>>> print(open('final_37.txt').read())   # compact mmCIF, C-alpha atoms and all ligand atoms
# COMPACT_ATOMS: atom_id res chain seq x y z
CA MET O 763 0.00 0.00 0.00
CA VAL O 764 1.41 3.36 -1.06
CA LEU O 765 0.41 6.88 -0.02
CA THR O 766 1.59 10.09 -1.69
CA GLY O 767 0.88 13.55 -0.27
CA ALA O 768 1.17 12.27 3.31
CA GLY O 769 2.65 15.54 4.61
CA GLY O 770 -0.46 17.75 4.45
CA VAL O 771 -3.37 18.10 6.83
CA LEU O 772 -5.14 15.12 5.23
CA GLY O 773 -1.98 13.07 5.75
CA TRP O 774 -2.06 14.03 9.43
CA GLY O 775 -5.60 12.67 9.71
CA LEU O 776 -4.54 9.45 7.99
CA ALA O 777 -1.53 9.10 10.31
CA ARG O 778 -3.89 9.36 13.31
CA ARG O 779 -6.48 6.91 12.05
CA TRP O 780 -4.24 4.34 10.31
CA PRO O 781 -3.10 2.44 13.44
CA GLY O 782 -6.69 1.55 14.39
CA SER O 783 -7.58 0.37 10.88
CA GLY O 784 -5.96 -3.06 10.99
CA LEU O 785 -4.17 -2.25 7.70
CA ALA O 786 -0.42 -2.69 7.29
CA PRO O 787 1.44 0.65 7.43
CA PRO O 788 1.71 2.38 4.04
CA VAL O 789 4.91 3.24 2.21
CA LEU O 790 5.00 7.05 2.05
CA LEU O 791 6.29 8.68 -1.11
CA GLY O 792 7.17 12.35 -1.02
CA ARG O 793 9.78 15.03 -0.87
CA ARG O 794 10.27 14.70 2.89
CA ALA O 795 9.25 12.28 5.63
CA PRO O 796 6.44 13.84 7.71
CA ALA O 797 7.42 13.51 11.41
CA PHE O 798 3.82 12.92 12.52
CA TRP O 799 3.76 9.53 10.77
CA GLY O 800 6.44 8.14 13.08
CA PRO O 801 8.65 5.28 11.89
CA VAL O 802 7.10 4.17 8.60
CA ARG O 803 8.99 3.56 5.36
CA HIS O 804 9.47 6.75 3.36
CA GLU O 805 10.93 7.01 -0.16
CA ALA O 806 11.84 10.10 -2.15
CA MET O 807 9.34 10.94 -4.87
CA GLU O 808 8.87 14.17 -6.76
CA LEU O 809 5.81 15.01 -8.82
CA GLY O 810 6.56 16.40 -12.23
CA LEU O 811 9.38 14.07 -13.13
CA GLY O 812 8.96 12.12 -16.33
CA PRO O 813 7.75 8.54 -16.06
CA ARG O 814 11.21 7.07 -16.71
CA ASP O 815 13.05 9.27 -14.21
CA ARG O 816 14.08 7.96 -10.84
CA GLY O 817 11.69 9.08 -8.14
CA SER O 818 8.48 9.58 -10.10
CA CYS O 819 5.17 7.96 -9.16
CA ALA O 820 5.43 5.69 -12.21
CA ASP O 821 8.92 4.61 -11.23
CA TRP O 822 7.84 3.72 -7.69
CA ALA O 823 4.72 1.92 -8.90
CA ARG O 824 6.94 -0.24 -11.13
CA ARG O 825 9.35 -0.98 -8.26
CA LEU O 826 6.86 -1.59 -5.46
CA ARG O 827 3.96 -3.06 -7.47
CA PRO O 828 1.54 -2.24 -4.63
CA ALA O 829 -2.02 -3.57 -4.57
CA LEU O 830 -3.37 -0.17 -3.47
CA TRP O 831 -2.27 3.43 -3.96
CA ILE O 832 -3.78 6.61 -2.54
CA HIS O 833 -2.65 9.57 -4.60
CA ALA O 834 -3.06 12.73 -2.52
CA ALA O 835 0.09 14.59 -3.62
CA SER O 836 -0.83 17.69 -5.54
CA LEU O 837 -0.07 21.32 -6.18
CA SER O 838 -3.20 22.32 -4.33
CA ARG O 839 -2.69 26.00 -3.60
CA TRP O 840 -5.22 27.83 -5.72
CA GLU O 841 -3.00 30.88 -6.24
CA ALA O 842 0.11 28.82 -7.07
CA CYS O 843 -1.82 27.02 -9.82
CA GLU O 844 -3.04 30.34 -11.28
CA ARG O 845 0.54 31.68 -11.27
CA ASP O 846 2.07 28.64 -12.92
CA PRO O 847 -0.50 26.63 -14.91
CA LEU O 848 2.15 24.53 -16.62
CA ARG O 849 3.56 23.35 -13.31
CA ALA O 850 0.02 22.72 -12.00
CA PHE O 851 -0.77 20.60 -15.06
CA THR O 852 2.53 18.70 -14.89
CA TRP O 853 2.24 17.92 -11.17
CA ASN O 854 -1.50 17.30 -10.96
CA VAL O 855 -2.11 15.56 -14.30
CA GLU O 856 1.06 14.26 -15.92
CA ALA O 857 2.44 12.60 -12.79
CA LEU O 858 -0.85 10.72 -12.43
CA ARG O 859 -0.88 9.75 -16.11
CA GLY O 860 2.45 7.97 -15.66
CA LEU O 861 1.21 6.24 -12.52
CA LEU O 862 -1.97 5.03 -14.24
CA GLU O 863 -0.01 3.56 -17.14
CA VAL O 864 2.08 1.46 -14.78
CA ALA O 865 -0.92 0.61 -12.57
CA ARG O 866 -2.55 -1.02 -15.58
CA GLU O 867 0.43 -3.41 -15.85
CA THR O 868 0.79 -4.05 -12.11
CA GLY O 869 -2.92 -4.32 -11.30
CA THR O 870 -2.61 -1.53 -8.72
CA ARG O 871 -5.90 0.03 -7.64
CA VAL O 872 -5.52 3.79 -7.45
CA LEU O 873 -7.61 6.26 -5.48
CA LEU O 874 -7.12 9.84 -6.69
CA VAL O 875 -7.82 12.45 -4.01
CA SER O 876 -9.68 15.28 -5.71
CA THR O 877 -11.66 18.30 -4.65
CA ASP O 878 -15.00 20.12 -4.71
CA GLN O 879 -13.11 22.78 -6.70
CA VAL O 880 -13.78 20.84 -9.92
CA PHE O 881 -17.24 22.49 -9.85
CA ASP O 882 -18.21 26.08 -10.68
CA GLY O 883 -20.33 26.68 -7.57
CA ARG O 884 -23.46 27.69 -9.48
CA GLY O 885 -25.37 24.46 -8.76
CA ARG O 886 -27.59 24.00 -5.72
CA GLU O 887 -25.55 20.94 -4.70
CA TYR O 888 -23.26 18.37 -6.34
CA LEU O 889 -23.78 14.61 -6.26
CA GLU O 890 -21.17 12.11 -7.43
CA GLY O 891 -22.63 11.99 -10.95
CA ALA O 892 -22.34 15.76 -11.53
CA ASP O 893 -20.14 16.81 -14.45
CA PRO O 894 -17.06 18.81 -13.47
CA CYS O 895 -17.13 22.43 -14.66
CA PRO O 896 -14.01 24.07 -13.24
CA VAL O 897 -13.52 27.83 -13.25
CA HIS O 898 -9.84 28.03 -12.30
CA VAL O 899 -6.56 26.29 -13.07
CA TYR O 900 -6.45 24.16 -9.90
CA GLY O 901 -9.98 22.85 -10.56
CA ALA O 902 -9.21 22.26 -14.24
CA THR O 903 -6.10 20.19 -13.47
CA LYS O 904 -7.95 18.11 -10.90
CA ALA O 905 -10.87 17.58 -13.30
CA ARG O 906 -8.46 16.41 -16.00
CA ALA O 907 -6.76 14.06 -13.53
CA GLU O 908 -10.19 12.67 -12.59
CA ASP O 909 -10.94 11.99 -16.29
CA LEU O 910 -7.72 10.00 -16.61
CA ALA O 911 -8.32 8.01 -13.42
CA LEU O 912 -11.92 7.16 -14.32
CA ALA O 913 -11.05 6.25 -17.91
CA ALA O 914 -8.51 3.81 -16.45
CA GLY O 915 -11.23 2.21 -14.30
CA GLN O 916 -9.81 3.68 -11.09
CA ALA O 917 -11.43 5.62 -8.23
CA VAL O 918 -11.77 9.31 -7.35
CA VAL O 919 -12.69 10.76 -3.99
CA ARG O 920 -13.70 14.42 -3.92
CA LEU O 921 -13.15 16.21 -0.63
CA PRO O 922 -14.50 19.58 0.47
CA LEU O 923 -12.79 22.26 2.53
CA LEU O 924 -10.82 20.35 5.16
CA LEU O 925 -10.76 21.12 8.87
CA GLY O 926 -7.74 20.11 10.89
CA PRO O 927 -4.84 21.35 13.01
CA SER O 928 -1.71 23.13 11.94
CA VAL O 929 0.61 20.25 10.99
CA ALA O 930 3.56 22.07 9.38
CA PRO O 931 4.32 25.62 8.22
CA GLY O 932 1.54 26.60 5.79
CA ARG O 933 -0.19 23.22 6.24
CA ARG O 934 -3.37 23.51 8.28
CA GLY O 935 -7.11 23.14 8.24
CA ALA O 936 -9.41 26.06 7.45
CA ASP O 937 -10.50 26.13 11.11
CA ALA O 938 -6.92 26.28 12.42
CA ALA O 939 -6.27 29.31 10.19
CA VAL O 940 -9.19 31.17 11.80
CA VAL O 941 -8.33 30.08 15.34
CA GLU O 942 -4.67 31.13 14.95
CA ALA O 943 -5.74 34.55 13.68
CA VAL O 944 -8.20 35.05 16.54
CA ARG O 945 -5.70 33.87 19.16
CA SER O 946 -3.12 36.33 17.86
CA GLY O 947 -5.60 39.19 18.27
CA ARG O 948 -6.54 39.62 14.63
CA ARG O 949 -10.04 40.08 13.23
CA PRO O 950 -10.37 37.57 10.37
CA ARG O 951 -12.09 38.64 7.17
CA LEU O 952 -14.54 35.90 6.20
CA PHE O 953 -16.85 35.57 3.23
CA VAL O 954 -20.61 35.65 3.67
CA ASP O 955 -21.22 34.50 0.09
CA GLU O 956 -19.02 31.41 -0.15
CA TRP O 957 -20.55 28.14 1.12
CA ARG O 958 -18.88 24.79 1.68
CA THR O 959 -19.60 21.44 3.35
CA PRO O 960 -16.44 21.33 5.51
CA LEU O 961 -15.09 18.04 6.77
CA GLY O 962 -12.68 17.19 9.59
CA VAL O 963 -9.54 15.38 8.49
CA LEU O 964 -10.06 12.56 10.98
CA ARG O 965 -13.43 11.83 9.40
CA ALA O 966 -11.98 12.23 5.89
CA ALA O 967 -9.29 9.70 6.84
CA GLU O 968 -11.95 7.26 8.04
CA GLY O 969 -13.65 7.55 4.65
CA LEU O 970 -10.41 6.85 2.78
CA LEU O 971 -9.67 3.88 5.04
CA GLY O 972 -13.20 2.63 4.30
CA TRP O 973 -12.34 2.67 0.61
CA LEU O 974 -9.07 0.80 1.25
CA ALA O 975 -10.99 -1.92 3.07
CA ASP O 976 -13.24 -2.39 0.03
CA PRO O 977 -11.72 -0.61 -3.00
CA GLN O 978 -14.26 0.12 -5.71
CA PRO O 979 -13.96 2.21 -8.87
CA GLY O 980 -15.81 5.41 -9.67
CA VAL O 981 -16.44 8.71 -7.90
CA PHE O 982 -17.11 9.15 -4.18
CA HIS O 983 -17.96 12.35 -2.33
CA LEU O 984 -16.87 12.52 1.31
CA ALA O 985 -18.22 15.72 2.82
CA GLY O 986 -19.66 17.17 6.01
CA ALA O 987 -23.41 17.20 6.56
CA GLU O 988 -23.66 20.95 7.12
CA ALA O 989 -23.51 23.65 4.44
CA LEU O 990 -21.91 26.73 5.98
CA SER O 991 -20.67 30.07 4.77
CA ARG O 992 -17.07 30.86 5.65
CA LEU O 993 -18.33 33.37 8.21
CA GLU O 994 -20.71 30.86 9.80
CA LEU O 995 -17.88 28.34 9.92
CA GLY O 996 -15.54 30.79 11.70
CA GLU O 997 -18.24 31.76 14.19
CA LYS O 998 -19.21 28.17 14.97
CA VAL O 999 -15.62 26.99 15.36
CA CYS O 1000 -14.79 29.81 17.78
CA ARG O 1001 -17.99 29.27 19.73
CA ARG O 1002 -17.22 25.55 20.03
CA LEU O 1003 -13.72 26.32 21.35
CA GLY O 1004 -14.99 29.01 23.72
CA LEU O 1005 -13.05 31.75 21.92
CA ARG O 1006 -14.31 35.32 21.92
CA ALA O 1007 -13.95 36.42 18.32
CA SER O 1008 -14.91 39.26 16.08
CA PHE O 1009 -14.96 38.90 12.31
CA GLU O 1010 -15.10 41.22 9.34
CA ALA O 1011 -17.85 39.94 7.07
CA LEU O 1012 -17.14 40.51 3.41
CA ARG O 1013 -18.31 39.40 -0.01
CA ARG O 1014 -15.99 37.71 -2.49
CA ALA O 1015 -16.27 40.71 -4.81
CA ASP O 1016 -15.03 43.01 -1.99
CA ALA O 1017 -11.75 41.06 -2.10
CA GLY O 1018 -11.61 40.85 -5.91
CA MET O 1019 -12.29 37.09 -5.65
CA GLU O 1020 -15.70 36.81 -7.27
CA GLN O 1021 -14.28 34.13 -9.61
CA ARG O 1022 -14.06 31.69 -6.69
CA PRO O 1023 -16.91 29.15 -6.74
CA ALA O 1024 -19.71 30.43 -4.50
CA ARG O 1025 -21.63 27.32 -3.46
CA LEU O 1026 -19.80 24.02 -3.31
CA ILE O 1027 -22.24 21.76 -1.53
CA LEU O 1028 -21.00 18.18 -1.96
CA ARG O 1029 -23.41 15.32 -1.32
CA GLY O 1030 -22.26 11.72 -1.43
CA PRO O 1031 -25.15 9.22 -1.69
CA ARG O 1032 -22.87 6.75 -3.49
CA ALA O 1033 -20.30 6.96 -0.67
CA VAL O 1034 -23.09 6.49 1.86
CA ARG O 1035 -24.30 3.39 0.02
CA LEU O 1036 -21.01 1.75 -0.98
CA LEU O 1037 -18.55 2.93 1.69
CA ARG O 1038 -21.09 3.14 4.52
CA TRP O 1039 -20.08 6.79 4.85
CA LYS O 1040 -21.95 8.87 7.41
CA PRO O 1041 -21.56 12.60 6.73
CA PRO O 1042 -20.51 14.10 10.07
CA ASP O 1043 -21.92 17.29 11.52
CA LEU O 1044 -19.57 20.14 12.37
CA ARG O 1045 -19.17 19.08 15.99
CA GLN O 1046 -17.97 15.65 14.86
CA SER O 1047 -15.68 17.25 12.29
CA LEU O 1048 -13.94 19.26 15.01
CA ALA O 1049 -12.85 16.18 16.98
CA HIS O 1050 -9.18 17.00 16.34
CA TRP O 1051 -9.47 19.85 18.86
CA GLU O 1052 -10.01 17.33 21.64
CA SER O 1053 -6.67 16.88 23.40
CA ARG O 1054 -6.41 13.12 22.76
CA SER O 1055 -6.17 13.79 19.01
CA HIS O 1056 -2.90 15.67 19.52
CA ASP O 1057 -1.15 12.96 21.58
N1 LIG O 1101 -6.75 20.94 2.24
C1 LIG O 1101 -7.98 21.00 1.72
O1 LIG O 1101 -8.85 21.79 2.18
C2 LIG O 1101 -8.35 20.09 0.57
C3 LIG O 1101 -9.67 20.14 0.11
C4 LIG O 1101 -10.04 19.28 -0.94
C5 LIG O 1101 -9.11 18.42 -1.50
N2 LIG O 1101 -7.82 18.43 -1.04
C6 LIG O 1101 -6.87 17.52 -1.68
O2 LIG O 1101 -6.33 16.67 -0.68
C7 LIG O 1101 -4.98 16.34 -0.99
C8 LIG O 1101 -4.10 16.62 0.20
O3 LIG O 1101 -4.23 17.99 0.51
P1 LIG O 1101 -3.57 18.58 1.86
O4 LIG O 1101 -4.17 19.92 2.05
O5 LIG O 1101 -3.59 17.57 2.92
O6 LIG O 1101 -2.03 18.68 1.44
P2 LIG O 1101 -1.16 19.94 0.91
O7 LIG O 1101 -0.86 20.86 2.02
O8 LIG O 1101 -1.78 20.45 -0.32
O9 LIG O 1101 0.17 19.15 0.62
C9 LIG O 1101 0.27 18.44 -0.55
C10 LIG O 1101 0.99 17.14 -0.33
O10 LIG O 1101 1.45 16.84 -1.64
C11 LIG O 1101 2.83 16.71 -1.62
N3 LIG O 1101 3.42 17.36 -2.78
C12 LIG O 1101 3.13 18.58 -3.27
N4 LIG O 1101 3.92 18.84 -4.31
C13 LIG O 1101 4.74 17.76 -4.46
C14 LIG O 1101 5.79 17.43 -5.36
N5 LIG O 1101 6.20 18.27 -6.32
N6 LIG O 1101 6.38 16.24 -5.24
C15 LIG O 1101 6.02 15.38 -4.28
N7 LIG O 1101 5.04 15.63 -3.38
C16 LIG O 1101 4.42 16.81 -3.48
C17 LIG O 1101 3.34 17.40 -0.40
O11 LIG O 1101 4.56 16.77 -0.09
P3 LIG O 1101 5.66 17.39 0.88
O12 LIG O 1101 5.09 17.18 2.27
O13 LIG O 1101 6.84 16.55 0.60
O14 LIG O 1101 5.80 18.83 0.52
C18 LIG O 1101 2.21 17.20 0.58
O15 LIG O 1101 2.39 15.98 1.26
C19 LIG O 1101 -4.62 17.13 -2.26
O16 LIG O 1101 -4.73 16.27 -3.36
C20 LIG O 1101 -5.70 18.22 -2.31
O17 LIG O 1101 -5.95 18.58 -3.65
C21 LIG O 1101 -7.43 19.23 -0.02
>>> encode(input="final_37.txt", output="structure tokens")
Amino acid sequence: MVLTGAGGVLGWGLARRWPGSGLAPPVLLGRRAPAFWGPVRHEAMELGLGPRDRGSCADWARRLRPALWIHAASLSRWEACERDPLRAFTWNVEALRGLLEVARETGTRVLLVSTDQVFDGRGREYLEGADPCPVHVYGATKARAEDLALAAGQAVVRLPLLLGPSVAPGRRGADAAVVEAVRSGRRPRLFVDEWRTPLGVLRAAEGLLGWLADPQPGVFHLAGAEALSRLELGEKVCRRLGLRASFEALRRADAGMEQRPARLILRGPRAVRLLRWKPPDLRQSLAHWESRSHD
């Protein structure tokens, strides 16, 4: 079993939930070994290398011939993708293409971790069968990667805005960003016209582990049960943690960000049916703030 992209906030959730899953530890592939995984095998891999170069996903798939592969590594910063579309395409699409070619030979089942950002945000809600309609480079690269994975008979899991702790510099959940700002005396500016179905990383990890226990092809949506604006999310998180907070409510257009998808409400009836996924409410998605989660 191989996992790429283990060093982000999702990787932190997987590191917490893996030991209780009964699965053998994964081999982590990435640029650096994330300390929060403890002593598991880590090998150097860099997205963007050609399929025949040492250290690419394709190269490692050929060497390890794993039965299962979760592909979460990605250039996932929205702004970075806008600045450098070629790099975004190379990292998010081409690296996967090489992996899928080898996976066909080795019989590896691949789960591509994707995002609600493949949608334009104009729909009322998005079920697993909805057609991607990206409005920015990040979403377009993920949508293209999804096409490749699905055409190869593999699986795609779309995740919404993730909630989780700060796990490394610049790597944190959307809730941790708000809490850090409030705790340092700032007044966060939060959108009133951008809605998401946020999901805690521990719950997201449980969904991915559910897929590993019974890997099936096709698209799955793992998302929280509650649709919240960014402002509502900030208010509820701070209330739950007993933090006194004041926010500046603004519209996306006020920040020159009206191109960002407004309403990304993911619903996952297929995940509920096939993975026995139960969309958690916000309280359940904030479980990582309980002290035991940080042991
Ligand atoms: N965070 C969210 O709110 C969110 C929402 C929806 C979907 N997702 C998806 O979930 C996945 C994980 O996101 P995340 O937020 O946990 O992680 P992240 O902070 O975006 O980090 C990305 C991960 O990918 C790896 N990576 C990036 N560029 C790489 C490269 N050139 N070569 C090798 N590895 C590279 C990083 O490795 P290093 O640690 O070695 O740098 C890191 O482990 C991504 O596919 C993302 O699109 C995230």
>>> closest_residue(input="final_37.txt", among="O:Glu997, O:Asp1043, O:Glu808, O:Glu863", to="Val941 in chain O", atoms="only C-alpha atoms")
O:Glu997
>>> residues_around(input="final_37.txt", residues="Leu974 in chain O", least_positions_apart="6", cutoff="10 Å", atoms="all atoms listed in the file", output="PDB file with C-alpha atoms, keeping the file's coordinate frame")
ATOM      1  CA  MET O 763       0.000   0.000   0.000  1.00  0.00           C
ATOM      2  CA  SER O 783      -7.580   0.370  10.880  1.00  0.00           C
ATOM      3  CA  LEU O 785      -4.170  -2.250   7.700  1.00  0.00           C
ATOM      4  CA  LEU O 830      -3.370  -0.170  -3.470  1.00  0.00           C
ATOM      5  CA  TRP O 831      -2.270   3.430  -3.960  1.00  0.00           C
ATOM      6  CA  ILE O 832      -3.780   6.610  -2.540  1.00  0.00           C
ATOM      7  CA  ARG O 871      -5.900   0.030  -7.640  1.00  0.00           C
ATOM      8  CA  VAL O 872      -5.520   3.790  -7.450  1.00  0.00           C
ATOM      9  CA  LEU O 873      -7.610   6.260  -5.480  1.00  0.00           C
ATOM     10  CA  GLU O 968     -11.950   7.260   8.040  1.00  0.00           C
ATOM     11  CA  LEU O1037     -18.550   2.930   1.690  1.00  0.00           C
TER      12      LEU O1037
END
>>> closest_atom_pairs(input="final_37.txt", of="range 869-911 of chain O", to="range 838-858 of chain O", cutoff="10 Å", atoms="all atoms listed in the file", output="CSV")
residue,atom,partner,partner_atom,distance
O:Val872,CA,O:Leu858,CA,9.7
O:Leu874,CA,O:Leu858,CA,8.5
O:Ser876,CA,O:Ser838,CA,9.7
O:Thr877,CA,O:Ser838,CA,9.4
O:Gln879,CA,O:Trp840,CA,9.4
O:His898,CA,O:Glu844,CA,7.3
O:Val899,CA,O:Glu844,CA,5.7
O:Tyr900,CA,O:Cys843,CA,5.4
O:Gly901,CA,O:Trp840,CA,8.4
O:Ala902,CA,O:Phe851,CA,8.6
O:Thr903,CA,O:Phe851,CA,5.6
O:Lys904,CA,O:Asn854,CA,6.5
O:Ala905,CA,O:Val855,CA,9.0
O:Arg906,CA,O:Val855,CA,6.6
O:Ala907,CA,O:Val855,CA,4.9
O:Glu908,CA,O:Val855,CA,8.8
O:Asp909,CA,O:Val855,CA,9.7
O:Leu910,CA,O:Leu858,CA,8.1
O:Ala911,CA,O:Leu858,CA,8.0
>>> write_last_selection(input="final_37.txt", atoms="C-alpha atoms", output="PDB file, keeping the file's coordinate frame")
ATOM      1  CA  VAL O 872      -5.520   3.790  -7.450  1.00  0.00           C
ATOM      2  CA  LEU O 874      -7.120   9.840  -6.690  1.00  0.00           C
ATOM      3  CA  SER O 876      -9.680  15.280  -5.710  1.00  0.00           C
ATOM      4  CA  THR O 877     -11.660  18.300  -4.650  1.00  0.00           C
ATOM      5  CA  GLN O 879     -13.110  22.780  -6.700  1.00  0.00           C
ATOM      6  CA  HIS O 898      -9.840  28.030 -12.300  1.00  0.00           C
ATOM      7  CA  VAL O 899      -6.560  26.290 -13.070  1.00  0.00           C
ATOM      8  CA  TYR O 900      -6.450  24.160  -9.900  1.00  0.00           C
ATOM      9  CA  GLY O 901      -9.980  22.850 -10.560  1.00  0.00           C
ATOM     10  CA  ALA O 902      -9.210  22.260 -14.240  1.00  0.00           C
ATOM     11  CA  THR O 903      -6.100  20.190 -13.470  1.00  0.00           C
ATOM     12  CA  LYS O 904      -7.950  18.110 -10.900  1.00  0.00           C
ATOM     13  CA  ALA O 905     -10.870  17.580 -13.300  1.00  0.00           C
ATOM     14  CA  ARG O 906      -8.460  16.410 -16.000  1.00  0.00           C
ATOM     15  CA  ALA O 907      -6.760  14.060 -13.530  1.00  0.00           C
ATOM     16  CA  GLU O 908     -10.190  12.670 -12.590  1.00  0.00           C
ATOM     17  CA  ASP O 909     -10.940  11.990 -16.290  1.00  0.00           C
ATOM     18  CA  LEU O 910      -7.720  10.000 -16.610  1.00  0.00           C
ATOM     19  CA  ALA O 911      -8.320   8.010 -13.420  1.00  0.00           C
TER      20      ALA O 911
END
>>> closest_residue(input="final_37.txt", among="O:Lys1040, O:Leu1048, O:Glu1010, O:Leu923", to="Leu990 in chain O", atoms="only C-alpha atoms")
O:Leu923
>>> residues_around(input="final_37.txt", residues="range 956-967 of chain O", least_positions_apart="6", cutoff="6 Å", atoms="only C-alpha atoms", output="PyMOL selection string")
chain O and resi 772+775-776+922-926+985-986+988-991+1024-1027+1047-1048
>>> axis_aligned_box(input="final_37.txt", around="ligand LIG 1101 (chain O)", padding_each_side="4 Å", output="AutoDock Vina command-line options")
--center_x -1.6 --center_y 18.6 --center_z -1.7 --size_x 24.9 --size_y 14.4 --size_z 17.2
>>> atom_distance(input="final_37.txt", atom1="CA of Val954 in chain O", atom2="atom C21 of ligand LIG 1101 (chain O)")
21.4 Å
>>> closest_residue(input="final_37.txt", among="O:Leu811, O:Ala1015, O:Leu837, O:Ala777", to="ligand LIG 1101 (chain O)", atoms="only C-alpha atoms and all ligand atoms")
O:Leu837
>>> atom_distance(input="final_37.txt", atom1="atom C15 of ligand LIG 1101 (chain O)", atom2="CA of Met807 in chain O")
5.6 Å
>>> closest_residue(input="final_37.txt", among="O:Ala797, O:Val999, O:Val897, O:Ala987", to="Phe881 in chain O", atoms="all atoms listed in the file")
O:Val897
>>> atom_distance(input="final_37.txt", atom1="CA of Val981 in chain O", atom2="CA of Ala917 in chain O")
5.9 Å
>>> closest_residue(input="final_37.txt", among="O:Leu1036, O:Met1019, O:Ala1007, O:Leu970", to="ligand LIG 1101 (chain O)", atoms="only C-alpha atoms and all ligand atoms")
O:Leu970
>>> closest_residue(input="final_37.txt", among="O:Arg934, O:Arg948, O:Arg866, O:Lys998", to="Arg827 in chain O", atoms="all atoms listed in the file")
O:Arg866
>>> residues_around(input="final_37.txt", residues="Gly996 in chain O", least_positions_apart="5", cutoff="9 Å", atoms="all atoms listed in the file", output="list in words")
Ala936, Asp937, Val940, Val941, Pro950, Leu952, Ser991, Arg1001, Ala1007 and Phe1009 of chain O
